Structure formats: structure tokens, C-alpha cells
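Undergrad: For reference, the file run_15.cif (mmCIF, C-alpha atoms and all ligand atoms) is included below:
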data_work
#
loop_
_atom_site.label_atom_id
_atom_site.label_comp_id
_atom_site.auth_asym_id
_atom_site.auth_seq_id
_atom_site.Cartn_x
_atom_site.Cartn_y
_atom_site.Cartn_z
CA MET E 1 0.00 0.00 0.00
CA HIS E 2 1.02 3.61 -0.48
CA LEU E 3 0.77 5.07 3.02
CA LEU E 4 1.07 8.42 4.69
CA VAL E 5 2.25 8.40 8.31
CA VAL E 6 1.46 11.63 10.15
CA GLU E 7 3.46 11.74 13.37
CA ASP E 8 5.26 14.64 15.04
CA ASP E 9 7.40 12.37 17.20
CA ALA E 10 10.30 12.09 14.74
CA ARG E 11 11.68 8.89 16.23
CA LEU E 12 8.35 7.09 16.19
CA GLY E 13 7.68 8.39 12.67
CA ARG E 14 10.98 7.03 11.38
CA LEU E 15 10.49 3.74 13.17
CA LEU E 16 7.01 3.26 11.69
CA LYS E 17 8.28 4.16 8.23
CA ARG E 18 11.10 1.63 8.51
CA LEU E 19 8.81 -1.16 9.80
CA LEU E 20 6.10 -0.48 7.22
CA GLU E 21 8.67 -0.39 4.43
CA GLY E 22 9.89 -3.73 5.73
CA ASP E 23 6.36 -4.95 5.01
CA ARG E 24 6.76 -3.62 1.44
CA HIS E 25 4.62 -0.54 1.84
CA LEU E 26 5.55 2.74 0.21
CA VAL E 27 5.60 5.29 3.02
CA GLU E 28 5.38 9.09 3.08
CA LEU E 29 6.04 10.87 6.35
CA ALA E 30 4.48 14.14 7.51
CA PRO E 31 5.36 15.79 10.85
CA ASN E 32 2.24 17.94 11.14
CA GLY E 33 -1.34 18.34 9.95
CA THR E 34 -0.71 21.00 7.33
CA ASP E 35 1.95 18.94 5.57
CA ALA E 36 -0.32 15.93 5.81
CA LEU E 37 -3.14 17.69 3.98
CA ASP E 38 -0.65 18.81 1.29
CA VAL E 39 0.62 15.26 0.77
CA VAL E 40 -2.89 13.81 0.65
CA SER E 41 -3.92 16.28 -2.02
CA MET E 42 -1.01 15.26 -4.26
CA ALA E 43 -0.14 11.62 -3.84
CA GLY E 44 -2.27 8.64 -4.76
CA LEU E 45 -2.47 7.21 -1.26
CA ASP E 46 -4.19 4.06 -0.04
CA ALA E 47 -4.40 4.91 3.67
CA ILE E 48 -3.27 7.33 6.37
CA VAL E 49 -1.84 6.56 9.79
CA LEU E 50 -2.76 9.71 11.67
CA ASP E 51 -1.58 10.76 15.13
CA ILE E 52 -4.15 12.82 17.05
CA GLY E 53 -1.70 15.04 18.92
CA LEU E 54 0.04 17.20 16.31
CA PRO E 55 1.78 20.56 16.74
CA ASP E 56 -0.47 22.55 14.40
CA ILE E 57 -3.93 21.21 13.62
CA SER E 58 -4.94 18.03 15.43
CA GLY E 59 -5.37 14.68 13.74
CA LEU E 60 -9.08 14.97 14.46
CA GLU E 61 -9.21 18.20 12.45
CA VAL E 62 -7.20 16.66 9.59
CA ALA E 63 -9.69 13.77 9.42
CA ARG E 64 -12.65 16.13 9.57
CA ARG E 65 -11.30 18.32 6.75
CA LEU E 66 -10.64 15.32 4.53
CA ARG E 67 -14.14 13.96 5.06
CA ASP E 68 -15.66 17.43 4.56
CA ASP E 69 -13.86 17.52 1.21
CA GLY E 70 -15.42 14.18 0.32
CA ASN E 71 -12.12 12.32 0.65
CA GLN E 72 -12.86 8.74 1.75
CA ILE E 73 -9.28 7.53 2.15
CA PRO E 74 -9.04 4.99 5.00
CA ILE E 75 -7.71 6.61 8.19
CA LEU E 76 -6.12 4.74 11.07
CA MET E 77 -5.92 7.06 14.08
CA LEU E 78 -3.22 6.87 16.75
CA THR E 79 -4.76 7.83 20.08
CA ALA E 80 -3.27 8.37 23.50
CA ARG E 81 -3.68 5.66 26.08
CA ASP E 82 -5.21 7.87 28.75
CA ALA E 83 -7.62 9.72 26.50
CA ILE E 84 -10.68 7.51 26.37
CA ASP E 85 -12.76 10.13 24.51
CA ASP E 86 -10.18 10.32 21.72
CA ARG E 87 -11.27 6.93 20.44
CA VAL E 88 -14.85 8.03 20.09
CA ARG E 89 -13.96 11.49 18.80
CA GLY E 90 -11.55 9.92 16.34
CA LEU E 91 -14.24 7.71 14.87
CA ASP E 92 -16.72 10.60 14.91
CA SER E 93 -14.26 12.80 13.02
CA GLY E 94 -14.16 10.28 10.21
CA ALA E 95 -11.38 7.86 11.14
CA ASP E 96 -12.06 4.25 10.20
CA ASP E 97 -10.20 2.65 13.06
CA TYR E 98 -7.72 3.46 15.77
CA VAL E 99 -4.76 2.03 17.64
CA VAL E 100 -4.06 3.09 21.21
CA LYS E 101 -0.52 4.22 22.02
CA PRO E 102 1.70 2.55 23.02
CA PHE E 103 0.93 -0.20 20.53
CA ALA E 104 2.76 -3.21 19.17
CA TYR E 105 3.69 -2.78 15.51
CA GLU E 106 1.90 -6.05 14.73
CA GLU E 107 -1.39 -4.58 15.92
CA LEU E 108 -1.00 -1.54 13.69
CA ALA E 109 -0.07 -3.74 10.74
CA ALA E 110 -3.09 -5.97 11.30
CA ARG E 111 -5.43 -2.97 11.49
CA LEU E 112 -4.00 -1.61 8.23
CA ARG E 113 -4.52 -4.95 6.54
CA ALA E 114 -8.14 -4.97 7.73
CA LEU E 115 -8.68 -1.45 6.39
CA ASP E 116 -7.19 -2.45 3.06
CA ARG E 117 -9.40 -5.52 2.86
CA ARG E 118 -12.48 -3.43 3.53
CA ARG E 119 -11.42 -0.89 0.93
CA ARG E 120 -10.86 -3.57 -1.68
CA ASP E 121 -14.12 -5.28 -0.84
CA GLY E 122 -15.71 -1.99 -1.83
CA ASN E 123 -17.46 -1.67 1.49
CA GLY E 124 -16.18 1.82 2.09
CA ARG E 125 -16.67 3.26 5.52
CA ARG E 126 -19.04 1.11 7.43
CA GLY E 127 -17.53 1.68 10.79
CA VAL E 128 -15.64 -0.85 12.78
CA VAL E 129 -17.37 -4.06 13.69
CA LEU E 130 -15.44 -6.47 15.88
CA ARG E 131 -16.57 -10.09 15.72
CA ASN E 132 -15.89 -13.21 17.71
CA GLY E 133 -18.09 -16.29 17.42
CA PRO E 134 -21.71 -15.13 17.72
CA ILE E 135 -20.67 -11.75 19.20
CA SER E 136 -20.45 -8.60 17.11
CA LEU E 137 -19.67 -5.15 18.45
CA ASP E 138 -20.16 -2.03 16.37
CA GLU E 139 -17.76 0.61 17.64
CA VAL E 140 -19.32 3.51 15.79
CA HIS E 141 -22.93 2.87 16.79
CA ARG E 142 -21.84 1.51 20.17
CA SER E 143 -24.08 -1.52 19.81
CA VAL E 144 -23.61 -5.20 20.55
CA LYS E 145 -25.32 -8.27 19.14
CA VAL E 146 -25.15 -11.96 19.97
CA ALA E 147 -26.21 -13.75 16.80
CA ASP E 148 -29.24 -11.59 15.89
CA ARG E 149 -30.15 -10.56 19.41
CA SER E 150 -29.31 -7.00 20.50
CA VAL E 151 -27.63 -6.81 23.89
CA GLU E 152 -27.79 -3.69 26.04
CA LEU E 153 -24.50 -3.09 27.84
CA SER E 154 -23.48 -0.35 30.25
CA PRO E 155 -20.54 1.79 29.08
CA ARG E 156 -18.18 -0.14 31.35
CA GLU E 157 -19.37 -3.51 30.12
CA PHE E 158 -19.06 -2.26 26.56
CA SER E 159 -15.45 -1.11 27.11
CA LEU E 160 -14.60 -4.42 28.68
CA LEU E 161 -16.07 -6.44 25.82
CA GLU E 162 -14.35 -4.17 23.29
CA CYS E 163 -11.06 -4.86 25.03
CA PHE E 164 -11.62 -8.63 24.87
CA LEU E 165 -12.61 -8.49 21.21
CA ARG E 166 -9.53 -6.47 20.32
CA HIS E 167 -7.23 -9.05 21.89
CA PRO E 168 -8.59 -12.48 20.95
CA GLY E 169 -6.56 -15.39 22.25
CA GLN E 170 -4.49 -13.14 24.50
CA VAL E 171 -4.40 -13.60 28.26
CA LEU E 172 -5.33 -10.28 29.86
CA SER E 173 -4.62 -9.64 33.53
CA ARG E 174 -7.15 -7.81 35.66
CA GLN E 175 -4.82 -4.83 35.75
CA GLN E 176 -4.49 -4.83 31.96
CA LEU E 177 -8.26 -4.93 31.62
CA LEU E 178 -8.57 -2.04 34.06
CA ASP E 179 -5.97 -0.05 32.13
CA HIS E 180 -7.52 -0.79 28.74
CA ALA E 181 -11.19 -0.57 29.55
CA TRP E 182 -11.13 2.21 32.14
CA PRO E 183 -8.05 4.35 31.60
CA TYR E 184 -9.26 6.94 34.07
CA GLY E 185 -9.37 4.31 36.76
CA ASP E 186 -12.71 5.31 38.24
CA PHE E 187 -11.21 4.10 41.53
CA LEU E 188 -11.94 0.56 40.47
CA THR E 189 -10.09 -2.34 42.03
CA GLU E 190 -9.06 -5.56 40.34
CA ASN E 191 -12.03 -7.23 42.06
CA SER E 192 -14.42 -4.99 40.19
CA VAL E 193 -13.10 -6.48 36.95
CA ASP E 194 -14.47 -9.83 38.10
CA THR E 195 -17.79 -8.20 38.89
CA TYR E 196 -18.05 -6.63 35.46
CA VAL E 197 -17.00 -9.80 33.69
CA HIS E 198 -19.78 -11.54 35.61
CA TYR E 199 -22.34 -8.93 34.46
CA LEU E 200 -21.02 -9.14 30.93
CA ARG E 201 -21.23 -12.93 30.72
CA ASP E 202 -24.72 -12.78 32.15
CA LYS E 203 -25.93 -10.34 29.50
CA LEU E 204 -24.19 -12.10 26.62
CA GLY E 205 -25.86 -15.40 27.41
CA LYS E 206 -24.40 -18.84 27.82
CA LEU E 207 -23.11 -19.49 24.31
CA ALA E 208 -21.31 -16.17 23.92
CA ALA E 209 -20.20 -16.04 27.56
CA ALA E 210 -18.33 -19.29 27.06
CA ARG E 211 -15.93 -17.43 24.77
CA ILE E 212 -14.63 -15.38 27.70
CA LEU E 213 -12.40 -17.80 29.52
CA THR E 214 -11.14 -17.46 33.08
CA VAL E 215 -7.39 -17.91 33.39
CA ARG E 216 -6.92 -18.98 36.97
CA GLY E 217 -4.72 -16.68 39.03
CA VAL E 218 -4.15 -14.29 36.13
CA GLY E 219 -7.25 -12.89 34.50
CA TYR E 220 -9.21 -13.64 31.36
CA ARG E 221 -8.83 -14.62 27.75
CA MET E 222 -11.19 -14.26 24.82
CA ALA E 223 -11.31 -17.36 22.63
CA GLU E 224 -9.61 -17.01 19.25
CA ALA E 225 -11.94 -15.32 16.75
CA CA H 1 1.93 13.42 18.70
#
As C-alpha cells, how would this structure be written, given the file I've shared?

TA:
Amino acid sequence: MHLLVVEDDARLGRLLKRLLEGDRHLVELAPNGTDALDVVSMAGLDAIVLDIGLPDISGLEVARRLRDDGNQIPILMLTARDAIDDRVRGLDSGADDYVVKPFAYEELAARLRALDRRRRDGNGRRGVVLRNGPISLDEVHRSVKVADRSVELSPREFSLLECFLRHPGQVLSRQQLLDHAWPYGDFLTENSVDTYVHYLRDKLGKLAAARILTVRGVGYRMAEA
């Protein structure tokens, strides 16, 4: 793919460029939003990796301007770990998906592949739907279904499920789940993770709940998708 990486952290920008080029992508680098908009208007790009925190105009504003101009290029947003609203605002501004910093390169690469697949399937922007077994979670509309049944989740339960769905097959400790699902902490203890997992399993129903496995003494693991 021909990619534009917009990142003001020069070291991270160079690292991403090198790794992506290692995966045979052609990579342009822009250190701020203004340059990014210039590059997008010229080059025939396939996708943008866009940091939210930029020195001039924010990544959110870059995404908004592109969408306002009718540009539907896939956008993968890089959001800060402690800014829970950034994920929602990023998607609202027109981003197709996001990765939370700090991220493993593999996660970013996988998200880019998914964006490219969607683009080539001609589905355009449909929002991000995470699936695992009978469970599907629509991140844009903030809705969850098990098979065809809609499931009403509280915001905390939703965040928790989203975290599981984003890390299938991976053992997540209670602390990791707290950090991922509730970055602001909310004064929750590790015990409250168990409570919310219990609520979540209850609402998902037996079949779907069985996909969230307890890892004794450590935490939880979502079955492989
Ligand atoms: Ca930044």
C-alpha cells in the first residue's frame, strides 16, 4: 500500500516508516497536519496513519477536513492511552479505526490490513465491527449483538467487551483490563473487573459467555476469533 504516516514524534515516525517499508509498503512521512493535507492532495495514497496530537492542527481536524472535502481515504488514528474520549472522537471525526498508544507494531499492521481488505471489498466506511463467534460489536454505533439478538451493555461492560474483542486469544490480567477498559481508573479495584466480567457474561448469554475464559490466578482470555 502507499501510506502516509502523520506523526510529530520524529523517532516514532521514522520507526514506523522503517517497519512499514519492511512490510513492502511505500511510506510518506508528515510531521504535522498542514503537511499531511498537502501530501494527501497530491499523492495517490491508499491509507493514512494519523496521530491525534500534532503541533499545528490536530489529527481529528485533519480527518474532519478530509471527510468534509469528500475524501474517503481509509484513516487509522493513533490515540493516547489515557484519553478515552479520543477513540470516540476519532471515529466521529471520520477515522475508520484506531490504535491506542503505546501499541505493538503487529497490531497496527493488522489494522491496516483490515482497512485495506475493507477498501478492496468496496465496502467503504461502514464503521468498525469487531466479531468473535456469535458476538459482534459495532464501535461507531456503540451496539452489541449476539447472533441476531441485540444486547444492552453499560458503558463499562461495553469497554470491557471491546477490550476482549480487540485481543482475541491473548491472556489479559485484571490490571491490563482495568488499564484498557477504564483508563481513568474510576477508583476501580481488580475485584471490580471480576464483577463486570460476571455482568457481561450474564448479558451475553451462555453461548457467547463461554468465549470469555477465566485464566486462573491471572485474568481472562477471549477465545480465538
Ligand atoms: Ca503526537

Undergrad: May I ask for the distance between CA of Ile57 (chain E) and CA of Leu108 (chain E), given in Å to one decimal place?

TA: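 So the two atoms, CA of Ile57 (chain E) and CA of Leu108 (chain E), lie 22.9 Å apart.
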
Undergrad: Kindly give the distance, in Å, that separates CA of Tyr199 (chain E) and CA of Gln170 (chain E), rounded to a single decimal.

TA: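 CA of Gln170 (chain E) lies at a distance of 20.9 Å from CA of Tyr199 (chain E).
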
Undergrad: Please, what distance in Å, to one decimal, runs between CA of Met1 (chain E) and CA of Gly169 (chain E)?

TA: 27.8 Å

Undergrad: Choose the residue, out of E:Asp68, E:Glu157, E:Asp46, E:Glu61, that has the smallest atom-to-atom separation from Thr195 (chain E); count only C-alpha atoms.

TA: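 Residue with the minimum atom-to-atom distance to Thr195 (chain E): E:Glu157.
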
Undergrad: Which protein, DNA or RNA residues have an atom within 9 Å of ligand CA 1 (chain H), counting all atoms listed in the file, as a list in words?

TA: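 These are the residues that qualify: Val6, Glu7, Asp8, Asp9, Pro31, Asn32, Asp51, Ile52, Gly53, Leu54, Pro55, Ser58, Gly59, Leu78, Thr79 and Ala80 of chain E.
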
Undergrad: Pick out the residues sitting within 12 Å of Asp86 (chain E), and hand them over as a PyMOL selection string; count all atoms listed in the file, and ignore anything fewer than 2 positions along from it in its own chain.

TA: chain E and resi 51-53+58-60+77-84+88-93+95+97-101+183

Undergrad: Include C-alpha atoms and write out the residues we just selected as a PDB file, in the coordinates of the input.

TA:
ATOM      1  CA  ASP E  51      -1.580  10.760  15.130  1.00  0.00           C
ATOM      2  CA  ILE E  52      -4.150  12.820  17.050  1.00  0.00           C
ATOM      3  CA  GLY E  53      -1.700  15.040  18.920  1.00  0.00           C
ATOM      4  CA  SER E  58      -4.940  18.030  15.430  1.00  0.00           C
ATOM      5  CA  GLY E  59      -5.370  14.680  13.740  1.00  0.00           C
ATOM      6  CA  LEU E  60      -9.080  14.970  14.460  1.00  0.00           C
ATOM      7  CA  MET E  77      -5.920   7.060  14.080  1.00  0.00           C
ATOM      8  CA  LEU E  78      -3.220   6.870  16.750  1.00  0.00           C
ATOM      9  CA  THR E  79      -4.760   7.830  20.080  1.00  0.00           C
ATOM     10  CA  ALA E  80      -3.270   8.370  23.500  1.00  0.00           C
ATOM     11  CA  ARG E  81      -3.680   5.660  26.080  1.00  0.00           C
ATOM     12  CA  ASP E  82      -5.210   7.870  28.750  1.00  0.00           C
ATOM     13  CA  ALA E  83      -7.620   9.720  26.500  1.00  0.00           C
ATOM     14  CA  ILE E  84     -10.680   7.510  26.370  1.00  0.00           C
ATOM     15  CA  VAL E  88     -14.850   8.030  20.090  1.00  0.00           C
ATOM     16  CA  ARG E  89     -13.960  11.490  18.800  1.00  0.00           C
ATOM     17  CA  GLY E  90     -11.550   9.920  16.340  1.00  0.00           C
ATOM     18  CA  LEU E  91     -14.240   7.710  14.870  1.00  0.00           C
ATOM     19  CA  ASP E  92     -16.720  10.600  14.910  1.00  0.00           C
ATOM     20  CA  SER E  93     -14.260  12.800  13.020  1.00  0.00           C
ATOM     21  CA  ALA E  95     -11.380   7.860  11.140  1.00  0.00           C
ATOM     22  CA  ASP E  97     -10.200   2.650  13.060  1.00  0.00           C
ATOM     23  CA  TYR E  98      -7.720   3.460  15.770  1.00  0.00           C
ATOM     24  CA  VAL E  99      -4.760   2.030  17.640  1.00  0.00           C
ATOM     25  CA  VAL E 100      -4.060   3.090  21.210  1.00  0.00           C
ATOM     26  CA  LYS E 101      -0.520   4.220  22.020  1.00  0.00           C
ATOM     27  CA  PRO E 183      -8.050   4.350  31.600  1.00  0.00           C
TER      28      PRO E 183
END

Undergrad: For Asp35 (chain E), which residue out of E:Arg131, E:Arg11, E:Ala104, E:Asp56 is the nearest one, using only C-alpha atoms?

TA: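 Nearest to Asp35 (chain E): E:Asp56.
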
Undergrad: Need the shell around Ile48 (chain E): protein/DNA/RNA residues with any atom at most 6 Å away, counting all atoms listed in the file. Skip same-chain ones fewer than 3 positions apart. Format as number ranges by chain?

TA: E: 3-5, 75

Undergrad: What residues have an atom no more than 12 Å from (-25.8, -8.5, 33.4) in the file's own frame, counting only C-alpha atoms, and can you write them as a list in words?

TA: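 Residues found, by chain and rising number: Val151, Glu152, Leu153, Ser154, Arg156, Glu157, Phe158, Thr195, Tyr196, Val197, His198, Tyr199, Leu200, Arg201, Asp202, Lys203, Leu204, Gly205, Lys206 and Ala209 of chain E.
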
Undergrad: Could the residues in this selection be saved with C-alpha atoms as a short mmCIF file (atom, residue, chain, number, x, y, z; two decimals), in the frame of the given file?

TA:
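Writing done, so here's again.cif:
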data_model
loop_
_atom_site.label_atom_id
_atom_site.label_comp_id
_atom_site.auth_asym_id
_atom_site.auth_seq_id
_atom_site.Cartn_x
_atom_site.Cartn_y
_atom_site.Cartn_z
CA VAL E 151 -27.63 -6.81 23.89
CA GLU E 152 -27.79 -3.69 26.04
CA LEU E 153 -24.50 -3.09 27.84
CA SER E 154 -23.48 -0.35 30.25
CA ARG E 156 -18.18 -0.14 31.35
CA GLU E 157 -19.37 -3.51 30.12
CA PHE E 158 -19.06 -2.26 26.56
CA THR E 195 -17.79 -8.20 38.89
CA TYR E 196 -18.05 -6.63 35.46
CA VAL E 197 -17.00 -9.80 33.69
CA HIS E 198 -19.78 -11.54 35.61
CA TYR E 199 -22.34 -8.93 34.46
CA LEU E 200 -21.02 -9.14 30.93
CA ARG E 201 -21.23 -12.93 30.72
CA ASP E 202 -24.72 -12.78 32.15
CA LYS E 203 -25.93 -10.34 29.50
CA LEU E 204 -24.19 -12.10 26.62
CA GLY E 205 -25.86 -15.40 27.41
CA LYS E 206 -24.40 -18.84 27.82
CA ALA E 209 -20.20 -16.04 27.56
#

Undergrad: Need the neighbours of (-20.9, -2.7, 17.7): which residues are at most 12 Å away, counting all atoms listed in the file, as a PyMOL selection string?

TA: chain E and resi 126-132+135-146+150-153+158-159+161-162+165

Undergrad: Report as a PyMOL selection string all protein, DNA and RNA residues lying within 8 Å of Glu190 (chain E), evaluated on all atoms listed in the file, omitting residues in the same chain fewer than 5 positions from it.

TA: chain E and resi 174-175+178

Undergrad: List the neighbours of Val171 (chain E) out to 10 Å using only C-alpha atoms; skip same-chain residues closer than 3 positions along the sequence, and give me the result as a PDB file with C-alpha atoms, in the coordinates of the input.

TA:
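Okay, part_28.pdb is ready:
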ATOM      1  CA  PHE E 164     -11.620  -8.630  24.870  1.00  0.00           C
ATOM      2  CA  HIS E 167      -7.230  -9.050  21.890  1.00  0.00           C
ATOM      3  CA  PRO E 168      -8.590 -12.480  20.950  1.00  0.00           C
ATOM      4  CA  ARG E 174      -7.150  -7.810  35.660  1.00  0.00           C
ATOM      5  CA  GLN E 176      -4.490  -4.830  31.960  1.00  0.00           C
ATOM      6  CA  LEU E 213     -12.400 -17.800  29.520  1.00  0.00           C
ATOM      7  CA  THR E 214     -11.140 -17.460  33.080  1.00  0.00           C
ATOM      8  CA  VAL E 215      -7.390 -17.910  33.390  1.00  0.00           C
ATOM      9  CA  VAL E 218      -4.150 -14.290  36.130  1.00  0.00           C
ATOM     10  CA  GLY E 219      -7.250 -12.890  34.500  1.00  0.00           C
ATOM     11  CA  TYR E 220      -9.210 -13.640  31.360  1.00  0.00           C
ATOM     12  CA  ARG E 221      -8.830 -14.620  27.750  1.00  0.00           C
ATOM     13  CA  MET E 222     -11.190 -14.260  24.820  1.00  0.00           C
ATOM     14  CA  ALA E 223     -11.310 -17.360  22.630  1.00  0.00           C
TER      15      ALA E 223
END

Undergrad: Which residue is closest to Gly22 (chain E)? Choose from E:Tyr105, E:His180, E:Ser173, E:Asp194 and count all atoms listed in the file.

TA: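 The shortest atom-to-atom distance to Gly22 (chain E) comes from E:Tyr105.
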
Undergrad: May I ask which of the residues E:Ala147, E:Ala109, E:Pro155, E:Pro134 is the closest one to Arg211 (chain E), counting all atoms listed in the file?

TA: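 For Arg211 (chain E), the nearest of the candidates is E:Pro134.
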